[in-house]
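Structure data follow from protein33.txt (compact mmCIF, C-alpha atoms and all ligand atoms):
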# COMPACT_ATOMS: atom_id res chain seq x y z
CA MET L 1223 0.00 0.00 0.00
CA ARG L 1224 1.12 3.55 -0.58
CA TYR L 1225 0.05 4.74 2.85
CA HIS L 1226 2.03 4.07 6.01
CA PRO L 1227 0.88 1.13 8.15
CA ILE L 1228 -2.05 1.90 10.44
CA PRO L 1229 -1.96 0.46 13.98
CA SER L 1230 -4.20 -2.64 14.04
CA THR L 1231 -5.69 -1.39 17.32
CA MET L 1232 -7.80 1.02 15.27
CA PHE L 1233 -9.54 -1.90 13.53
CA VAL L 1234 -9.64 -4.03 16.69
CA ASN L 1235 -11.48 -1.21 18.47
CA ASN L 1236 -13.84 -0.64 15.57
CA ARG L 1237 -14.85 -4.30 15.63
CA LYS L 1238 -15.23 -4.23 19.39
CA HIS L 1239 -17.57 -1.25 19.16
CA LEU L 1240 -19.65 -3.03 16.54
CA THR L 1241 -19.90 -6.36 18.38
CA ASN L 1242 -20.96 -4.47 21.51
CA LYS L 1243 -24.00 -3.33 19.56
CA LEU L 1244 -25.02 -6.81 18.37
CA PRO L 1245 -27.71 -8.70 20.30
CA ALA L 1246 -26.92 -12.14 21.72
CA LYS L 1247 -26.46 -14.97 19.23
CA SER L 1248 -25.81 -12.68 16.28
CA LEU L 1249 -23.76 -13.24 13.21
CA ALA L 1250 -22.53 -10.35 11.04
CA ILE L 1251 -21.24 -10.98 7.51
CA LEU L 1252 -19.44 -8.30 5.50
CA HIS L 1253 -17.93 -8.37 2.05
CA SER L 1254 -15.19 -6.37 0.42
CA ASN L 1255 -15.77 -4.47 -2.79
CA ASP L 1256 -15.62 -6.14 -6.17
CA GLN L 1257 -13.07 -5.46 -8.81
CA TYR L 1258 -15.36 -3.60 -11.20
CA PRO L 1259 -14.96 -4.55 -14.86
CA ARG L 1260 -13.82 -1.89 -17.32
CA ASN L 1261 -13.41 -3.40 -20.79
CA GLY L 1262 -11.52 -6.27 -22.35
CA ASP L 1263 -9.35 -7.78 -19.67
CA GLN L 1264 -9.19 -4.64 -17.47
CA PHE L 1265 -10.69 -3.72 -14.13
CA PHE L 1266 -11.16 -0.22 -12.73
CA PRO L 1267 -8.63 0.55 -10.00
CA PHE L 1268 -9.68 -1.20 -6.83
CA ARG L 1269 -11.13 0.80 -3.93
CA GLN L 1270 -12.09 -1.07 -0.77
CA GLN L 1271 -15.67 -1.03 0.53
CA SER L 1272 -15.54 1.60 3.28
CA ASP L 1273 -17.21 -0.43 6.06
CA PHE L 1274 -14.99 -3.38 5.30
CA PHE L 1275 -11.91 -1.22 5.55
CA TYR L 1276 -13.22 0.39 8.75
CA LEU L 1277 -13.50 -3.02 10.41
CA THR L 1278 -10.44 -4.79 9.00
CA GLY L 1279 -7.88 -2.49 7.34
CA ILE L 1280 -7.79 -5.10 4.59
CA ASP L 1281 -7.39 -3.43 1.22
CA GLN L 1282 -8.00 -6.40 -1.07
CA GLU L 1283 -10.88 -7.73 -3.20
CA LYS L 1284 -12.79 -10.98 -2.56
CA SER L 1285 -12.42 -10.76 1.21
CA ILE L 1286 -15.09 -11.67 3.77
CA LEU L 1287 -15.38 -10.89 7.48
CA ILE L 1288 -17.61 -12.77 9.89
CA LEU L 1289 -18.29 -11.70 13.45
CA ALA L 1290 -20.07 -14.20 15.65
CA PRO L 1291 -19.15 -13.11 19.19
CA ASP L 1292 -21.16 -15.85 20.93
CA CYS L 1293 -20.05 -18.74 18.75
CA LYS L 1294 -18.92 -21.78 20.75
CA ASN L 1295 -16.05 -22.31 18.36
CA LYS L 1296 -13.64 -19.56 19.40
CA LYS L 1297 -11.93 -19.71 16.02
CA LEU L 1298 -15.04 -18.43 14.32
CA ARG L 1299 -15.96 -15.59 16.64
CA GLU L 1300 -13.97 -13.26 14.45
CA ALA L 1301 -12.76 -14.63 11.14
CA LEU L 1302 -11.38 -13.26 7.93
CA PHE L 1303 -11.48 -15.08 4.59
CA LEU L 1304 -9.07 -14.15 1.81
CA ILE L 1305 -8.12 -15.23 -1.70
CA GLU L 1306 -5.55 -17.94 -1.47
CA THR L 1307 -2.44 -16.60 -3.03
CA ASN L 1308 -0.16 -18.84 -5.04
CA GLU L 1309 2.87 -18.58 -7.25
CA GLN L 1310 0.84 -18.10 -10.42
CA ILE L 1311 -1.11 -15.17 -8.92
CA ALA L 1312 2.06 -13.70 -7.45
CA ILE L 1313 3.76 -13.72 -10.84
CA TRP L 1314 0.87 -12.35 -12.89
CA GLU L 1315 -1.05 -10.07 -10.56
CA GLY L 1316 1.49 -9.38 -7.90
CA HIS L 1317 1.24 -9.57 -4.21
CA LYS L 1318 -1.82 -10.72 -2.25
CA TYR L 1319 -1.89 -10.87 1.55
CA THR L 1320 -0.39 -13.81 3.33
CA LYS L 1321 -2.27 -14.92 6.45
CA GLU L 1322 0.44 -13.41 8.64
CA GLU L 1323 0.21 -10.04 6.93
CA ALA L 1324 -3.56 -10.00 7.18
CA ARG L 1325 -3.32 -10.83 10.90
CA GLU L 1326 -0.88 -8.02 11.48
CA ILE L 1327 -2.93 -5.42 9.61
CA SER L 1328 -6.34 -6.34 10.98
CA GLY L 1329 -5.55 -7.76 14.40
CA ILE L 1330 -7.75 -10.76 13.48
CA GLU L 1331 -6.19 -14.02 14.66
CA ASN L 1332 -8.26 -16.35 12.54
CA VAL L 1333 -7.46 -15.87 8.89
CA TYR L 1334 -8.64 -18.50 6.40
CA TRP L 1335 -8.65 -18.96 2.65
CA LEU L 1336 -11.95 -18.44 0.89
CA ASN L 1337 -12.63 -22.15 0.28
CA GLU L 1338 -13.28 -22.51 4.02
CA PHE L 1339 -15.99 -19.86 4.10
CA GLU L 1340 -19.04 -22.04 3.34
CA MET L 1341 -18.23 -24.46 6.16
CA ALA L 1342 -17.65 -21.64 8.60
CA LEU L 1343 -20.91 -20.00 7.55
CA LYS L 1344 -22.85 -23.21 8.18
CA GLU L 1345 -21.28 -23.67 11.57
CA THR L 1346 -21.94 -20.11 12.76
CA LEU L 1347 -25.46 -20.09 11.29
CA ALA L 1348 -26.41 -23.15 13.28
CA GLU L 1349 -25.89 -21.12 16.44
CA SER L 1350 -27.20 -17.75 15.30
CA ASP L 1351 -30.65 -16.28 15.83
CA THR L 1352 -30.04 -13.10 13.87
CA VAL L 1353 -27.87 -12.50 10.85
CA PHE L 1354 -26.71 -8.93 10.19
CA LEU L 1355 -25.98 -8.18 6.53
CA ASN L 1356 -24.43 -5.05 5.13
CA SER L 1357 -25.87 -2.78 2.44
CA ASN L 1358 -25.33 0.68 0.98
CA GLU L 1359 -28.15 2.81 2.38
CA TYR L 1360 -27.01 6.16 1.02
CA ILE L 1361 -30.35 7.87 0.41
CA LYS L 1362 -29.63 9.67 -2.84
CA PHE L 1363 -27.63 6.94 -4.52
CA PHE L 1364 -28.98 4.61 -7.19
CA SER L 1365 -26.86 2.06 -8.99
CA GLU L 1366 -27.81 -0.40 -11.68
CA VAL L 1367 -24.92 -2.58 -10.58
CA PRO L 1368 -25.51 -4.57 -7.38
CA ASP L 1369 -22.46 -4.65 -5.11
CA LYS L 1370 -21.14 -7.80 -3.47
CA ASN L 1371 -23.01 -7.24 -0.18
CA LEU L 1372 -26.32 -6.93 -2.04
CA ARG L 1373 -25.69 -9.99 -4.18
CA PHE L 1374 -24.76 -11.95 -1.09
CA ALA L 1375 -27.87 -10.77 0.80
CA ARG L 1376 -30.13 -11.87 -2.07
CA LYS L 1377 -28.50 -15.28 -2.25
CA PHE L 1378 -28.43 -15.65 1.50
CA LYS L 1379 -32.14 -15.05 1.80
CA GLU L 1380 -32.77 -17.68 -0.82
CA ASP L 1381 -30.43 -20.25 0.68
CA TYR L 1382 -31.36 -19.65 4.33
CA PRO L 1383 -34.96 -18.41 4.33
CA LEU L 1384 -35.58 -19.43 7.94
CA HIS L 1385 -32.94 -17.17 9.46
CA LYS L 1386 -33.89 -13.71 10.64
CA THR L 1387 -31.86 -11.00 8.93
CA GLU L 1388 -31.18 -7.45 10.11
CA ARG L 1389 -29.55 -4.33 8.66
CA LEU L 1390 -25.97 -3.71 9.63
CA ALA L 1391 -25.75 -0.29 7.93
CA PRO L 1392 -27.41 1.77 10.71
CA LEU L 1393 -25.05 0.33 13.34
CA LEU L 1394 -21.99 1.02 11.19
CA ALA L 1395 -23.18 4.52 10.34
CA GLU L 1396 -23.52 5.35 14.00
CA LEU L 1397 -19.94 4.23 14.62
CA ARG L 1398 -18.38 5.77 11.53
CA MET L 1399 -19.92 9.19 12.14
CA THR L 1400 -17.63 9.79 15.11
CA LYS L 1401 -13.95 9.59 14.27
CA SER L 1402 -11.31 8.14 16.60
CA GLU L 1403 -8.01 9.92 17.19
CA GLU L 1404 -6.32 7.57 14.77
CA GLU L 1405 -8.86 8.36 12.06
CA ILE L 1406 -8.49 12.09 12.65
CA LYS L 1407 -4.75 11.69 12.18
CA LEU L 1408 -5.35 10.06 8.79
CA MET L 1409 -7.79 12.81 7.82
CA LYS L 1410 -5.24 15.44 8.79
CA THR L 1411 -2.75 13.75 6.48
CA ALA L 1412 -5.32 13.81 3.64
CA SER L 1413 -5.81 17.49 4.39
CA GLU L 1414 -2.10 18.22 4.43
CA ILE L 1415 -1.60 16.52 1.06
CA THR L 1416 -4.48 18.59 -0.31
CA ARG L 1417 -2.76 21.76 0.96
CA ARG L 1418 0.38 20.81 -0.94
CA GLY L 1419 -1.66 20.29 -4.09
CA PHE L 1420 -3.26 23.71 -3.73
CA GLU L 1421 -0.03 25.55 -3.00
CA ARG L 1422 1.59 23.89 -5.98
CA ILE L 1423 -1.05 25.21 -8.33
CA LEU L 1424 -0.95 28.72 -6.87
CA ARG L 1425 2.51 28.85 -8.44
CA PHE L 1426 1.29 27.29 -11.69
CA VAL L 1427 -2.01 28.88 -12.73
CA LYS L 1428 -1.98 31.66 -15.32
CA PRO L 1429 -4.04 32.65 -18.36
CA GLY L 1430 -3.74 30.08 -21.14
CA LYS L 1431 -3.33 27.05 -18.88
CA TYR L 1432 -5.89 24.30 -19.38
CA GLU L 1433 -7.96 22.99 -16.51
CA PHE L 1434 -6.54 19.50 -17.10
CA GLU L 1435 -3.01 20.82 -16.82
CA ILE L 1436 -3.91 22.15 -13.40
CA GLN L 1437 -5.42 18.80 -12.47
CA ALA L 1438 -2.23 17.08 -13.64
CA GLU L 1439 -0.21 19.22 -11.21
CA ILE L 1440 -2.51 18.18 -8.38
CA ASP L 1441 -2.36 14.51 -9.40
CA HIS L 1442 1.41 14.71 -9.37
CA GLU L 1443 1.58 16.28 -5.91
CA PHE L 1444 -0.91 13.75 -4.54
CA GLY L 1445 1.08 10.85 -5.95
CA LEU L 1446 4.32 12.15 -4.51
CA ASN L 1447 2.74 12.25 -1.06
CA ARG L 1448 1.34 8.71 -0.84
CA ALA L 1449 -2.27 9.58 -1.63
CA ASN L 1450 -4.25 6.84 -3.40
CA GLY L 1451 -5.52 9.63 -5.62
CA HIS L 1452 -8.59 11.83 -5.26
CA GLY L 1453 -11.41 11.15 -2.80
CA TYR L 1454 -13.87 12.18 -5.55
CA ALA L 1455 -13.76 13.49 -9.11
CA PRO L 1456 -11.93 16.82 -8.86
CA ILE L 1457 -13.64 19.98 -10.11
CA ILE L 1458 -11.30 22.40 -11.89
CA ALA L 1459 -13.72 24.97 -13.22
CA SER L 1460 -12.77 28.29 -14.79
CA GLY L 1461 -15.11 31.11 -15.81
CA ALA L 1462 -18.69 30.01 -16.48
CA ASN L 1463 -17.83 26.38 -15.61
CA ALA L 1464 -17.54 27.44 -11.97
CA CYS L 1465 -21.33 27.83 -11.92
CA VAL L 1466 -21.83 24.18 -12.92
CA LEU L 1467 -21.88 22.52 -9.51
CA HIS L 1468 -20.74 19.06 -10.61
CA TYR L 1469 -18.47 20.15 -13.47
CA VAL L 1470 -15.83 17.43 -13.94
CA GLU L 1471 -14.81 17.71 -17.61
CA ASN L 1472 -11.85 19.93 -16.66
CA ASP L 1473 -11.01 20.42 -20.33
CA LYS L 1474 -11.26 24.20 -20.96
CA MET L 1475 -8.62 26.87 -21.16
CA CYS L 1476 -8.40 29.35 -18.28
CA ASN L 1477 -8.94 32.88 -19.55
CA ASP L 1478 -7.45 36.13 -18.34
CA GLY L 1479 -9.87 37.90 -16.01
CA ASP L 1480 -11.82 34.75 -15.07
CA LEU L 1481 -12.09 33.09 -11.70
CA LEU L 1482 -11.06 29.48 -11.19
CA LEU L 1483 -13.06 27.36 -8.74
CA MET L 1484 -11.33 24.19 -7.61
CA ASP L 1485 -12.90 21.50 -5.46
CA PHE L 1486 -10.54 18.60 -4.78
CA GLY L 1487 -9.39 16.42 -1.91
CA ALA L 1488 -6.69 13.81 -1.51
CA GLU L 1489 -7.59 10.31 -0.41
CA TYR L 1490 -5.04 8.98 2.04
CA ALA L 1491 -5.42 5.48 3.51
CA ASN L 1492 -8.97 5.57 2.14
CA TYR L 1493 -9.84 8.73 4.12
CA SER L 1494 -10.86 11.71 2.08
CA ALA L 1495 -10.25 15.42 2.35
CA ASP L 1496 -12.69 17.81 0.67
CA MET L 1497 -11.53 21.34 -0.10
CA SER L 1498 -12.69 24.17 -2.35
CA ARG L 1499 -10.77 27.31 -3.20
CA THR L 1500 -11.44 30.03 -5.75
CA ILE L 1501 -8.62 32.05 -7.27
CA PRO L 1502 -8.22 34.63 -10.06
CA VAL L 1503 -6.69 33.07 -13.18
CA ASN L 1504 -4.36 36.05 -13.70
CA GLY L 1505 -3.41 36.32 -10.02
CA LYS L 1506 -5.42 39.43 -9.23
CA PHE L 1507 -9.13 39.64 -8.29
CA THR L 1508 -11.13 42.43 -9.95
CA GLU L 1509 -12.92 44.72 -7.54
CA ARG L 1510 -16.24 42.99 -8.16
CA GLN L 1511 -14.71 39.51 -7.86
CA LYS L 1512 -13.07 40.50 -4.59
CA ALA L 1513 -16.32 41.91 -3.20
CA CYS L 1514 -18.09 38.65 -4.03
CA TYR L 1515 -15.17 36.57 -2.73
CA ASN L 1516 -15.05 38.42 0.56
CA ALA L 1517 -18.80 38.05 0.96
CA VAL L 1518 -18.44 34.26 0.75
CA LEU L 1519 -15.38 34.38 3.00
CA ARG L 1520 -17.29 36.28 5.69
CA VAL L 1521 -20.08 33.71 5.59
CA PHE L 1522 -17.51 30.90 5.67
CA LYS L 1523 -15.81 32.32 8.76
CA GLU L 1524 -19.09 32.81 10.61
CA ALA L 1525 -20.39 29.41 9.51
CA ARG L 1526 -17.27 27.69 10.85
CA LYS L 1527 -18.26 28.74 14.36
CA LEU L 1528 -21.50 26.78 14.13
CA TYR L 1529 -19.93 23.32 14.32
CA TYR L 1530 -20.65 22.83 18.00
CA PRO L 1531 -22.14 19.77 19.74
CA GLY L 1532 -25.90 19.63 19.38
CA ASN L 1533 -26.17 21.59 16.14
CA THR L 1534 -27.35 19.69 13.03
CA ILE L 1535 -26.80 20.06 9.28
CA ASN L 1536 -30.41 21.15 8.81
CA LYS L 1537 -30.15 23.86 11.48
CA LEU L 1538 -26.76 24.96 10.19
CA ASN L 1539 -28.12 25.30 6.65
CA GLU L 1540 -30.84 27.63 7.90
CA GLN L 1541 -28.33 29.72 9.84
CA VAL L 1542 -25.97 30.00 6.87
CA ASN L 1543 -28.74 30.69 4.36
CA LYS L 1544 -29.72 33.76 6.41
CA MET L 1545 -26.13 35.04 6.35
CA MET L 1546 -25.83 34.43 2.65
CA GLU L 1547 -29.12 36.18 1.94
CA LYS L 1548 -27.79 39.28 3.67
CA GLU L 1549 -24.54 39.18 1.67
CA ILE L 1550 -26.42 38.74 -1.59
CA ILE L 1551 -28.47 41.86 -0.81
CA GLY L 1552 -25.19 43.66 -0.01
CA LEU L 1553 -23.85 42.70 -3.44
CA GLY L 1554 -26.92 44.27 -5.04
CA LEU L 1555 -28.26 41.04 -6.52
CA PHE L 1556 -31.67 41.64 -5.00
CA THR L 1557 -33.20 44.12 -2.54
CA GLU L 1558 -34.48 43.77 1.00
CA GLU L 1559 -37.91 44.65 -0.31
CA GLU L 1560 -37.80 41.77 -2.78
CA VAL L 1561 -36.79 39.39 -0.01
CA LYS L 1562 -39.67 40.58 2.18
CA ASN L 1563 -42.12 39.82 -0.61
CA GLN L 1564 -40.57 36.54 -1.71
CA ASP L 1565 -42.47 33.25 -1.84
CA PRO L 1566 -41.16 31.48 1.31
CA GLU L 1567 -41.27 28.22 -0.64
CA LYS L 1568 -38.92 29.70 -3.24
CA PRO L 1569 -36.47 32.01 -1.41
CA LEU L 1570 -34.51 34.29 -3.73
CA PHE L 1571 -31.05 33.43 -2.37
CA LYS L 1572 -31.41 29.95 -3.92
CA LYS L 1573 -30.78 31.44 -7.33
CA TYR L 1574 -27.21 32.19 -6.23
CA PHE L 1575 -26.60 29.64 -3.47
CA MET L 1576 -28.37 26.41 -4.29
CA HIS L 1577 -26.54 23.75 -2.25
CA GLY L 1578 -26.20 22.88 1.41
CA THR L 1579 -23.31 24.05 3.59
CA ALA L 1580 -22.23 20.77 5.16
CA HIS L 1581 -21.96 17.03 4.85
CA PHE L 1582 -20.19 14.41 6.92
CA LEU L 1583 -16.72 13.43 5.77
CA GLY L 1584 -14.54 10.39 6.42
CA LEU L 1585 -13.90 7.22 4.47
CA ASP L 1586 -16.36 8.58 1.93
CA VAL L 1587 -16.48 12.16 0.76
CA HIS L 1588 -20.21 12.21 1.41
CA ASP L 1589 -19.86 10.10 4.50
CA VAL L 1590 -22.55 8.40 6.57
CA GLY L 1591 -24.64 10.70 8.79
CA GLY L 1592 -28.03 12.35 8.36
CA LYS L 1593 -29.05 15.99 8.28
CA ASP L 1594 -30.79 15.85 11.65
CA GLU L 1595 -27.95 14.05 13.38
CA PRO L 1596 -26.81 16.16 16.37
CA PHE L 1597 -23.12 17.04 16.08
CA LYS L 1598 -20.87 15.28 18.59
CA PRO L 1599 -17.18 15.66 19.42
CA GLY L 1600 -15.16 13.62 16.92
CA MET L 1601 -17.44 14.25 13.97
CA VAL L 1602 -15.93 15.82 10.85
CA LEU L 1603 -18.07 17.82 8.45
CA THR L 1604 -17.40 20.19 5.59
CA CYS L 1605 -18.15 23.90 5.68
CA GLU L 1606 -18.76 25.04 2.12
CA PRO L 1607 -20.74 28.17 1.38
CA GLY L 1608 -20.76 29.30 -2.25
CA LEU L 1609 -22.05 31.98 -4.56
CA TYR L 1610 -22.82 31.43 -8.24
CA ILE L 1611 -23.71 34.45 -10.36
CA ARG L 1612 -24.08 33.06 -13.86
CA GLU L 1613 -24.84 36.42 -15.46
CA GLU L 1614 -21.46 37.74 -14.23
CA ASN L 1615 -19.37 34.62 -14.90
CA ILE L 1616 -18.65 34.40 -11.18
CA GLY L 1617 -18.64 31.10 -9.30
CA ILE L 1618 -17.11 30.99 -5.82
CA ARG L 1619 -16.94 28.25 -3.22
CA ILE L 1620 -14.78 28.07 -0.13
CA GLU L 1621 -14.66 24.73 1.67
CA ASP L 1622 -12.77 23.39 4.66
CA ASP L 1623 -13.15 20.29 6.81
CA ILE L 1624 -14.21 20.96 10.39
CA LEU L 1625 -13.76 18.73 13.44
CA VAL L 1626 -16.36 19.09 16.18
CA THR L 1627 -14.85 19.15 19.68
CA GLU L 1628 -16.04 19.99 23.17
CA ASN L 1629 -13.85 23.09 23.07
CA GLY L 1630 -15.17 24.48 19.82
CA PRO L 1631 -14.73 23.71 16.13
CA VAL L 1632 -11.28 22.86 14.77
CA ASP L 1633 -10.64 23.66 11.11
CA LEU L 1634 -8.47 20.82 9.78
CA MET L 1635 -7.55 23.08 6.83
CA GLU L 1636 -6.88 26.30 8.64
CA ASN L 1637 -3.33 26.44 7.25
CA ILE L 1638 -4.52 26.37 3.63
CA PRO L 1639 -4.44 29.91 2.21
CA VAL L 1640 -7.90 31.44 1.95
CA GLU L 1641 -7.56 35.23 2.37
CA ALA L 1642 -7.75 37.04 -0.99
CA ASP L 1643 -4.51 38.91 -0.25
CA ASP L 1644 -2.63 35.71 0.62
CA ILE L 1645 -3.81 34.07 -2.60
CA GLU L 1646 -2.73 37.08 -4.68
CA ARG L 1647 0.62 37.23 -2.91
CA MET L 1648 1.34 33.54 -3.39
CA MET L 1649 0.29 33.66 -7.04
CA SER L 1650 2.61 36.57 -7.73
CA LYS L 1651 5.71 34.61 -6.68
N1 LIG U 1 -16.59 17.73 -3.46
C1 LIG U 1 -17.92 17.38 -3.21
C2 LIG U 1 -18.53 18.26 -2.24
O1 LIG U 1 -18.01 19.31 -1.94
O2 LIG U 1 -19.54 17.93 -1.67
MN MN U 2 -18.03 18.99 0.20
MN MN U 3 -15.93 19.72 -2.17
Written form, structure tokens:
Amino acid sequence: MRYHPIPSTMFVNNRKHLTNKLPAKSLAILHSNDQYPRNGDQFFPFRQQSDFFYLTGIDQEKSILILAPDCKNKKLREALFLIETNEQIAIWEGHKYTKEEAREISGIENVYWLNEFEMALKETLAESDTVFLNSNEYIKFFSEVPDKNLRFARKFKEDYPLHKTERLAPLLAELRMTKSEEEIKLMKTASEITRRGFERILRFVKPGKYEFEIQAEIDHEFGLNRANGHGYAPIIASGANACVLHYVENDKMCNDGDLLLMDFGAEYANYSADMSRTIPVNGKFTERQKACYNAVLRVFKEARKLYYPGNTINKLNEQVNKMMEKEIIGLGLFTEEEVKNQDPEKPLFKKYFMHGTAHFLGLDVHDVGGKDEPFKPGMVLTCEPGLYIREENIGIRIEDDILVTENGPVDLMENIPVEADDIERMMSK
């Protein structure tokens, strides 16, 4: 792996926290991600299923974890099943985990090859009243391709119709929402690599550069610093493209006088950073651009203070929307009078600020955690107000990752340049 070894205690603790939540005589079965087919004889690059990584640290396809804490057979209370590696595989595909390596990474004593899984399943099932199966419950996600957990659940229900099954996802979401110290360390590394990427391009951007050239600089910096790559498709959007919220083509030339909105985050040890910065292509904001930029920056700085225990994403959105509405009036985009008379179902600010301010962050860029979930110490969320004025070719977003603590919010990206003057100064070097 590119990342430095992670202490196995992190995964041991994660499993302990999960098994503490399981009722007596439970069995939990989790699968790794598939290798997703591309074309011909190629797969897409492998990315581990996030829950599987969270519980095992195992970064390999075709792996299965079973947790059966009450099983009489001690060797099956916690067991990991892996592809059996052999000389042929080692020569053609490269290295796969040995049992010893898997033990060291995961802290799981009982590591078996996959051909022993069916027997182990039968044995644990005979003693289990409830079987917990994993699934992707992300509410706004639809895929035509069933993942391994879903395929297994379908088959399981056919093969073992008399066993009671339960959802594992809510239990895992509850655990994953709050990050341990070890996880926060990994997220800080992702953040630090992202900072390096940004500072590199502050020295690189100028009129005439293509968005993909800028992305290539970021890719290079990420690679040099042990990132797996990006935590999500990076947005490198100049001029009008900055107003397209999910712009990912990154294929246009950056023009003199335009703004450049960049939203990218390194993925380190499967943990993602998520940052947005907006800079002037030629190194100097126009007066109007700076007024708009500073309006977003003021909202960003005030919004950052709202990541305290007990707040929620829904409440935070309302608080930030009010601030943004005021700034939009200040920029002359609509009047107080117009706001007073607006249809409350269709508030005017939404024309210029149409997305939410926060989402949970962790192993996934849009990590587990709902909008009414009260913030707790250890949670990490983004803070990302934006302003998109299509008629003026202005798209601005500022985004940092914020850790909730008992002593107030901690901005994990506070050392990444954000003041307009700092950006101009660094671009002029
Ligand atoms: N980069 C995705 C987001 O900001 O939500
Ligand atoms: Mn975000
Ligand atoms: Mn982002």
Excluding Asn1477 in chain L and its own-chain neighbours fewer than 4 positions away, which residues fall within 7 Å of it when counting only C-alpha atoms? Please give them as an MDAnalysis selection string. chainID L and resid 1429:1430 1503
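Distances to ligand LIG 1 (chain U) were evaluated for L:Glu1345, L:Glu1614, L:Asp1485, L:Glu1443 using all atoms listed in the file, and the minimum falls at L:Asp1485.
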Counting only C-alpha atoms and all ligand atoms, name the residues that have an atom within 6 Å of an atom of ligand MN 3 (chain U); the answer should be given as a PyMOL selection string. chain L and resi 1485+1496-1498
Quick one: everything within 12 Å of Lys1523 in chain L, counting all atoms listed in the file, minus sequence neighbours fewer than 4 positions away in the same chain. Send it as a PDB file with C-alpha atoms, keeping the file's coordinate frame.
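And here's around11.pdb as it stands now:
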ATOM      1  CA  ASN L1516     -15.050  38.420   0.560  1.00  0.00           C
ATOM      2  CA  ALA L1517     -18.800  38.050   0.960  1.00  0.00           C
ATOM      3  CA  VAL L1518     -18.440  34.260   0.750  1.00  0.00           C
ATOM      4  CA  LEU L1519     -15.380  34.380   3.000  1.00  0.00           C
ATOM      5  CA  LYS L1527     -18.260  28.740  14.360  1.00  0.00           C
ATOM      6  CA  LEU L1528     -21.500  26.780  14.130  1.00  0.00           C
ATOM      7  CA  TYR L1529     -19.930  23.320  14.320  1.00  0.00           C
ATOM      8  CA  VAL L1542     -25.970  30.000   6.870  1.00  0.00           C
ATOM      9  CA  MET L1545     -26.130  35.040   6.350  1.00  0.00           C
ATOM     10  CA  MET L1546     -25.830  34.430   2.650  1.00  0.00           C
ATOM     11  CA  CYS L1605     -18.150  23.900   5.680  1.00  0.00           C
ATOM     12  CA  GLU L1606     -18.760  25.040   2.120  1.00  0.00           C
ATOM     13  CA  PRO L1607     -20.740  28.170   1.380  1.00  0.00           C
ATOM     14  CA  ILE L1620     -14.780  28.070  -0.130  1.00  0.00           C
ATOM     15  CA  GLU L1621     -14.660  24.730   1.670  1.00  0.00           C
ATOM     16  CA  ASP L1622     -12.770  23.390   4.660  1.00  0.00           C
ATOM     17  CA  ILE L1624     -14.210  20.960  10.390  1.00  0.00           C
ATOM     18  CA  PRO L1631     -14.730  23.710  16.130  1.00  0.00           C
ATOM     19  CA  ASP L1633     -10.640  23.660  11.110  1.00  0.00           C
ATOM     20  CA  GLU L1636      -6.880  26.300   8.640  1.00  0.00           C
ATOM     21  CA  VAL L1640      -7.900  31.440   1.950  1.00  0.00           C
ATOM     22  CA  GLU L1641      -7.560  35.230   2.370  1.00  0.00           C
TER      23      GLU L1641
END
Contacts of range 1553-1566 of chain L at 10 Å (all atoms listed in the file; same-chain gap of 4+ positions) as a ChimeraX atom specification: /L:1510,1513-1514,1517,1547-1549,1570-1571,1573-1574,1611
All residues having an atom within 12 Å of ligand LIG 1 (chain U) (only C-alpha atoms and all ligand atoms) as a CSV table (one decimal) with C-alpha atoms, keeping the file's coordinate frame:
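part.csv, written as the output of this step:
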chain,number,residue,atom,x,y,z
L,1452,HIS,CA,-8.6,11.8,-5.3
L,1453,GLY,CA,-11.4,11.2,-2.8
L,1454,TYR,CA,-13.9,12.2,-5.6
L,1455,ALA,CA,-13.8,13.5,-9.1
L,1456,PRO,CA,-11.9,16.8,-8.9
L,1457,ILE,CA,-13.6,20.0,-10.1
L,1458,ILE,CA,-11.3,22.4,-11.9
L,1467,LEU,CA,-21.9,22.5,-9.5
L,1468,HIS,CA,-20.7,19.1,-10.6
L,1469,TYR,CA,-18.5,20.2,-13.5
L,1470,VAL,CA,-15.8,17.4,-13.9
L,1483,LEU,CA,-13.1,27.4,-8.7
L,1484,MET,CA,-11.3,24.2,-7.6
L,1485,ASP,CA,-12.9,21.5,-5.5
L,1486,PHE,CA,-10.5,18.6,-4.8
L,1487,GLY,CA,-9.4,16.4,-1.9
L,1488,ALA,CA,-6.7,13.8,-1.5
L,1494,SER,CA,-10.9,11.7,2.1
L,1495,ALA,CA,-10.2,15.4,2.4
L,1496,ASP,CA,-12.7,17.8,0.7
L,1497,MET,CA,-11.5,21.3,-0.1
L,1498,SER,CA,-12.7,24.2,-2.4
L,1499,ARG,CA,-10.8,27.3,-3.2
L,1577,HIS,CA,-26.5,23.8,-2.2
L,1578,GLY,CA,-26.2,22.9,1.4
L,1579,THR,CA,-23.3,24.0,3.6
L,1580,ALA,CA,-22.2,20.8,5.2
L,1581,HIS,CA,-22.0,17.0,4.8
L,1582,PHE,CA,-20.2,14.4,6.9
L,1583,LEU,CA,-16.7,13.4,5.8
L,1586,ASP,CA,-16.4,8.6,1.9
L,1587,VAL,CA,-16.5,12.2,0.8
L,1588,HIS,CA,-20.2,12.2,1.4
L,1589,ASP,CA,-19.9,10.1,4.5
L,1603,LEU,CA,-18.1,17.8,8.4
L,1604,THR,CA,-17.4,20.2,5.6
L,1605,CYS,CA,-18.2,23.9,5.7
L,1606,GLU,CA,-18.8,25.0,2.1
L,1607,PRO,CA,-20.7,28.2,1.4
L,1608,GLY,CA,-20.8,29.3,-2.2
L,1619,ARG,CA,-16.9,28.2,-3.2
L,1620,ILE,CA,-14.8,28.1,-0.1
L,1621,GLU,CA,-14.7,24.7,1.7
L,1622,ASP,CA,-12.8,23.4,4.7
L,1623,ASP,CA,-13.2,20.3,6.8
